[in-house]
$ cat model06.txt   # compact mmCIF, C-alpha atoms
# COMPACT_ATOMS: atom_id res chain seq x y z
CA MET W 3 7.24 217.98 -131.36
CA THR W 4 5.30 215.54 -129.26
CA ARG W 5 7.01 212.85 -127.24
CA ARG W 6 5.56 210.28 -129.64
CA ASP W 7 6.98 212.13 -132.68
CA LEU W 8 10.38 212.34 -130.99
CA GLU W 9 10.39 208.63 -130.16
CA LEU W 10 9.35 207.79 -133.71
CA SER W 11 12.14 209.89 -135.26
CA LEU W 12 14.79 208.51 -132.92
CA ARG W 13 13.56 204.96 -133.48
CA GLN W 14 13.68 205.47 -137.25
CA MET W 15 17.24 206.77 -136.97
CA GLN W 16 18.27 203.77 -134.91
CA GLU W 17 16.49 201.17 -137.03
CA HIS W 18 17.78 202.47 -140.36
CA ALA W 19 21.32 202.86 -139.00
CA SER W 20 21.18 199.27 -137.72
CA GLU W 21 19.88 198.05 -141.05
CA ALA W 22 22.70 199.85 -142.90
CA ILE W 23 25.26 198.17 -140.66
CA ALA W 24 23.65 194.77 -141.19
CA LEU W 25 23.50 195.30 -144.94
CA ALA W 26 27.21 196.15 -145.06
CA ARG W 27 28.22 193.19 -142.91
CA GLY W 28 30.39 190.82 -144.91
CA ARG W 29 30.77 193.35 -147.70
CA ARG W 30 33.81 195.29 -148.86
CA ARG W 31 34.22 198.94 -149.71
CA ASN W 32 34.58 198.02 -153.40
CA ASP W 33 31.03 196.61 -153.35
CA LEU W 34 29.74 200.19 -153.30
CA ASP W 35 31.30 200.65 -156.73
CA THR W 36 30.34 197.32 -158.25
CA ASP W 37 26.92 196.46 -156.76
CA ARG W 38 24.44 199.16 -157.70
CA THR W 39 21.62 197.65 -155.67
CA PHE W 40 23.79 197.55 -152.55
CA ASN W 41 24.89 201.14 -153.18
CA LEU W 42 21.36 202.42 -153.66
CA ALA W 43 20.05 200.57 -150.60
CA LEU W 44 22.82 201.85 -148.36
CA VAL W 45 22.39 205.42 -149.57
CA ARG W 46 18.63 205.24 -149.02
CA LEU W 47 19.04 203.98 -145.47
CA LEU W 48 21.39 206.87 -144.69
CA GLU W 49 18.99 209.35 -146.28
CA VAL W 50 16.26 208.17 -143.91
CA VAL W 51 18.58 208.48 -140.90
CA GLY W 52 19.24 212.09 -141.89
CA GLU W 53 15.62 212.89 -142.64
CA ALA W 54 14.51 211.51 -139.28
CA ALA W 55 17.28 213.52 -137.59
CA SER W 56 16.03 216.70 -139.26
CA ARG W 57 12.65 216.18 -137.60
CA VAL W 58 14.09 216.21 -134.07
CA SER W 59 13.46 219.55 -132.38
CA PRO W 60 16.33 221.90 -131.53
CA GLU W 61 15.58 221.41 -127.82
CA GLU W 62 15.96 217.65 -128.09
CA ARG W 63 19.12 218.06 -130.14
CA VAL W 64 20.57 220.06 -127.25
CA ARG W 65 19.51 217.35 -124.79
CA LEU W 66 21.16 214.73 -127.00
CA SER W 67 24.18 216.90 -127.70
CA ARG W 68 26.59 213.98 -128.17
CA ILE W 69 24.86 213.15 -131.45
CA PRO W 70 26.40 215.06 -134.40
CA TRP W 71 23.10 216.46 -135.69
CA PRO W 72 24.52 218.90 -138.29
CA GLN W 73 26.69 216.18 -139.83
CA ILE W 74 23.85 213.65 -140.00
CA ILE W 75 21.45 216.13 -141.56
CA GLY W 76 24.22 217.44 -143.83
CA LEU W 77 24.89 213.91 -145.06
CA ARG W 78 21.23 213.53 -145.93
CA ASN W 79 21.32 216.78 -147.88
CA ARG W 80 24.49 215.73 -149.72
CA LEU W 81 23.01 212.36 -150.63
CA ILE W 82 19.78 213.94 -151.88
CA HIS W 83 21.13 217.04 -153.64
CA GLY W 84 24.73 216.09 -154.40
CA TYR W 85 24.10 212.49 -155.31
CA ASP W 86 26.53 212.68 -158.22
CA GLU W 87 29.40 213.76 -155.97
CA VAL W 88 29.14 211.29 -153.08
CA ASP W 89 32.50 210.03 -151.85
CA HIS W 90 32.07 206.29 -151.33
CA ASP W 91 35.12 206.11 -149.06
CA ILE W 92 33.43 208.52 -146.66
CA LEU W 93 30.13 206.67 -146.96
CA TRP W 94 31.85 203.39 -146.09
CA GLU W 95 33.57 204.98 -143.10
CA ILE W 96 30.27 206.37 -141.84
CA VAL W 97 28.65 202.94 -141.94
CA GLY W 98 31.56 201.17 -140.29
CA GLN W 99 32.58 203.73 -137.70
CA ASP W 100 29.94 206.40 -137.16
CA LEU W 101 26.68 204.47 -137.24
CA PRO W 102 27.59 202.11 -134.37
CA ASN W 103 28.41 205.18 -132.25
CA LEU W 104 25.15 206.84 -133.27
CA ILE W 105 23.16 203.81 -132.20
CA GLU W 106 24.89 203.77 -128.81
CA GLU W 107 24.18 207.47 -128.30
CA LEU W 108 20.52 206.98 -129.18
CA LYS W 109 20.32 204.17 -126.63
CA ARG W 110 22.20 206.24 -124.04
CA GLY W 111 19.77 209.12 -124.56
CA GLY W 112 17.16 207.04 -122.81
CA THR W 113 14.51 207.14 -125.50
CA ILE W 114 15.52 204.06 -127.46
CA SER W 115 15.63 200.83 -125.53
CA GLU W 116 17.66 197.73 -126.22
CA ASP W 117 14.36 195.89 -126.71
CA THR W 118 13.40 197.95 -129.77
CA ALA W 119 16.78 197.45 -131.46
CA PRO W 120 16.66 195.14 -134.45
CA SER W 121 18.94 192.14 -134.20
$ encode --input "model06.txt" --output "structure tokens"
Amino acid sequence: MTRRDLELSLRQMQEHASEAIALARGRRRNDLDTDRTFNLALVRLLEVVGEAASRVSPEERVRLSRIPWPQIIGLRNRLIHGYDEVDHDILWEIVGQDLPNLIEELKRGGTISEDTAPS
């Protein structure tokens, strides 16, 4: 994996995680059940986070060991292959609690700067 590929994958993770948080802002957990467009958009954003994570090399995953790589990639696999068994309570918790931490870890890793973060 080239440095450019790594930066692209980490930036995609950060941007899509930020977009998921922004999309959920002002929403309630119940909206995942009642607003299909919101549900599909949120799921898609999380799929991309997981897909980008899967492209990060094992060496870089070790360097950024505070990021829960297996869980992020596992979520992507669950959303893609187990789409009919997704627990929306868990999904909501991921967006509200885990994604902000992921973004901070990506920034702390030194590859993603504050300047590239969407507002």
$ atom_distance --input "model06.txt" --atom1 "atom CA of His83 of chain W" --atom2 "atom CA of Asn103 of chain W"
25.5 Å
$ closest_residue --input "model06.txt" --among "W:Pro60, W:Gly52, W:Leu25, W:Glu95" --to "Arg80 of chain W" --atoms "all atoms listed in the file"
W:Gly52
$ closest_residue --input "model06.txt" --among "W:Thr4, W:Asn41, W:Asn32, W:Gln14" --to "Tyr85 of chain W" --atoms "all atoms listed in the file"
W:Asn41
$ closest_residue --input "model06.txt" --among "W:Ala26, W:Ala19, W:Val45, W:Ala55" --to "Gln73 of chain W" --atoms "only C-alpha atoms"
W:Ala55
$ residues_around --input "model06.txt" --residues "Leu42 of chain W" --least-positions-apart "6" --cutoff "12 Å" --atoms "only C-alpha atoms" --output "number ranges by chain"
W: 22, 25, 33-36, 48-49, 81-82, 85, 88, 90, 93
$ closest_residue --input "model06.txt" --among "W:Gly28, W:Val50, W:Leu44, W:Arg65" --to "Arg13 of chain W" --atoms "all atoms listed in the file"
W:Val50
$ atom_distance --input "model06.txt" --atom1 "atom CA of Asn79 of chain W" --atom2 "atom CA of Ser56 of chain W"
10.1 Å
$ closest_residue --input "model06.txt" --among "W:Leu77, W:Ala43, W:Ile69, W:Ala54" --to "Ile92 of chain W" --atoms "only C-alpha atoms"
W:Leu77
$ atom_distance --input "model06.txt" --atom1 "atom CA of Glu106 of chain W" --atom2 "atom CA of Asp37 of chain W"
29.0 Å
$ closest_residue --input "model06.txt" --among "W:Glu53, W:Glu62, W:Gly84, W:Asp89" --to "Leu108 of chain W" --atoms "all atoms listed in the file"
W:Glu62
$ residues_around --input "model06.txt" --residues "Arg68 of chain W" --least-positions-apart "2" --cutoff "8 Å" --atoms "only C-alpha atoms" --output "PyMOL selection string"
chain W and resi 66+70+107
$ decode --input "model06.txt" --residues "segment 7-79 of chain W" --atoms "C-alpha atoms" --output "tab-separated table (two decimals), in the first residue's frame"
chain	number	residue	atom	x	y	z
W	7	ASP	CA	-3.42	4.84	-0.90
W	8	LEU	CA	-3.20	4.82	2.89
W	9	GLU	CA	-4.05	8.51	3.14
W	10	LEU	CA	-6.97	8.05	0.76
W	11	SER	CA	-8.41	5.13	2.76
W	12	LEU	CA	-8.03	6.91	6.09
W	13	ARG	CA	-9.51	10.10	4.65
W	14	GLN	CA	-12.47	8.15	3.28
W	15	MET	CA	-13.02	6.56	6.69
W	16	GLN	CA	-12.93	9.94	8.38
W	17	GLU	CA	-15.11	11.74	5.85
W	18	HIS	CA	-17.82	9.07	5.75
W	19	ALA	CA	-17.83	8.73	9.54
W	20	SER	CA	-18.21	12.51	9.84
W	21	GLU	CA	-21.00	12.51	7.29
W	22	ALA	CA	-22.84	9.75	9.19
W	23	ILE	CA	-22.62	11.78	12.39
W	24	ALA	CA	-23.87	14.90	10.62
W	25	LEU	CA	-26.72	12.97	9.01
W	26	ALA	CA	-27.84	11.62	12.39
W	27	ARG	CA	-27.65	15.00	14.10
W	28	GLY	CA	-31.10	16.06	15.24
W	29	ARG	CA	-32.51	12.62	14.54
W	30	ARG	CA	-33.79	9.95	16.92
W	31	ARG	CA	-33.13	6.25	17.05
W	32	ASN	CA	-36.71	5.60	15.89
W	33	ASP	CA	-35.95	7.41	12.62
W	34	LEU	CA	-33.94	4.37	11.55
W	35	ASP	CA	-37.18	2.38	11.62
W	36	THR	CA	-39.46	4.96	10.06
W	37	ASP	CA	-37.32	6.81	7.50
W	38	ARG	CA	-36.07	4.35	4.91
W	39	THR	CA	-33.96	6.93	3.09
W	40	PHE	CA	-32.21	7.91	6.31
W	41	ASN	CA	-31.65	4.25	7.16
W	42	LEU	CA	-30.22	3.41	3.75
W	43	ALA	CA	-27.96	6.47	3.72
W	44	LEU	CA	-26.58	5.78	7.19
W	45	VAL	CA	-25.95	2.13	6.40
W	46	ARG	CA	-24.18	3.04	3.16
W	47	LEU	CA	-21.90	5.52	4.91
W	48	LEU	CA	-20.92	2.85	7.44
W	49	GLU	CA	-20.32	0.33	4.67
W	50	VAL	CA	-17.84	2.72	3.07
W	51	VAL	CA	-16.06	3.27	6.41
W	52	GLY	CA	-15.63	-0.49	6.71
W	53	GLU	CA	-14.59	-0.98	3.11
W	54	ALA	CA	-11.96	1.74	3.38
W	55	ALA	CA	-10.74	0.17	6.64
W	56	SER	CA	-10.35	-3.19	4.91
W	57	ARG	CA	-7.93	-1.58	2.45
W	58	VAL	CA	-5.52	-0.44	5.18
W	59	SER	CA	-2.49	-2.72	5.35
W	60	PRO	CA	-1.87	-4.95	8.37
W	61	GLU	CA	1.28	-2.94	9.15
W	62	GLU	CA	-0.64	0.32	9.29
W	63	ARG	CA	-3.34	-1.32	11.40
W	64	VAL	CA	-0.64	-2.22	13.92
W	65	ARG	CA	0.67	1.36	13.85
W	66	LEU	CA	-2.87	2.65	14.43
W	67	SER	CA	-3.66	-0.04	16.97
W	68	ARG	CA	-6.16	2.08	18.94
W	69	ILE	CA	-8.59	1.80	16.03
W	70	PRO	CA	-10.82	-1.30	16.32
W	71	TRP	CA	-10.08	-2.60	12.81
W	72	PRO	CA	-11.76	-6.04	13.14
W	73	GLN	CA	-14.98	-4.48	14.46
W	74	ILE	CA	-15.12	-1.83	11.72
W	75	ILE	CA	-14.50	-4.36	8.96
W	76	GLY	CA	-16.86	-6.83	10.63
W	77	LEU	CA	-19.60	-4.20	10.68
W	78	ARG	CA	-19.13	-3.66	6.96
W	79	ASN	CA	-19.43	-7.40	6.35
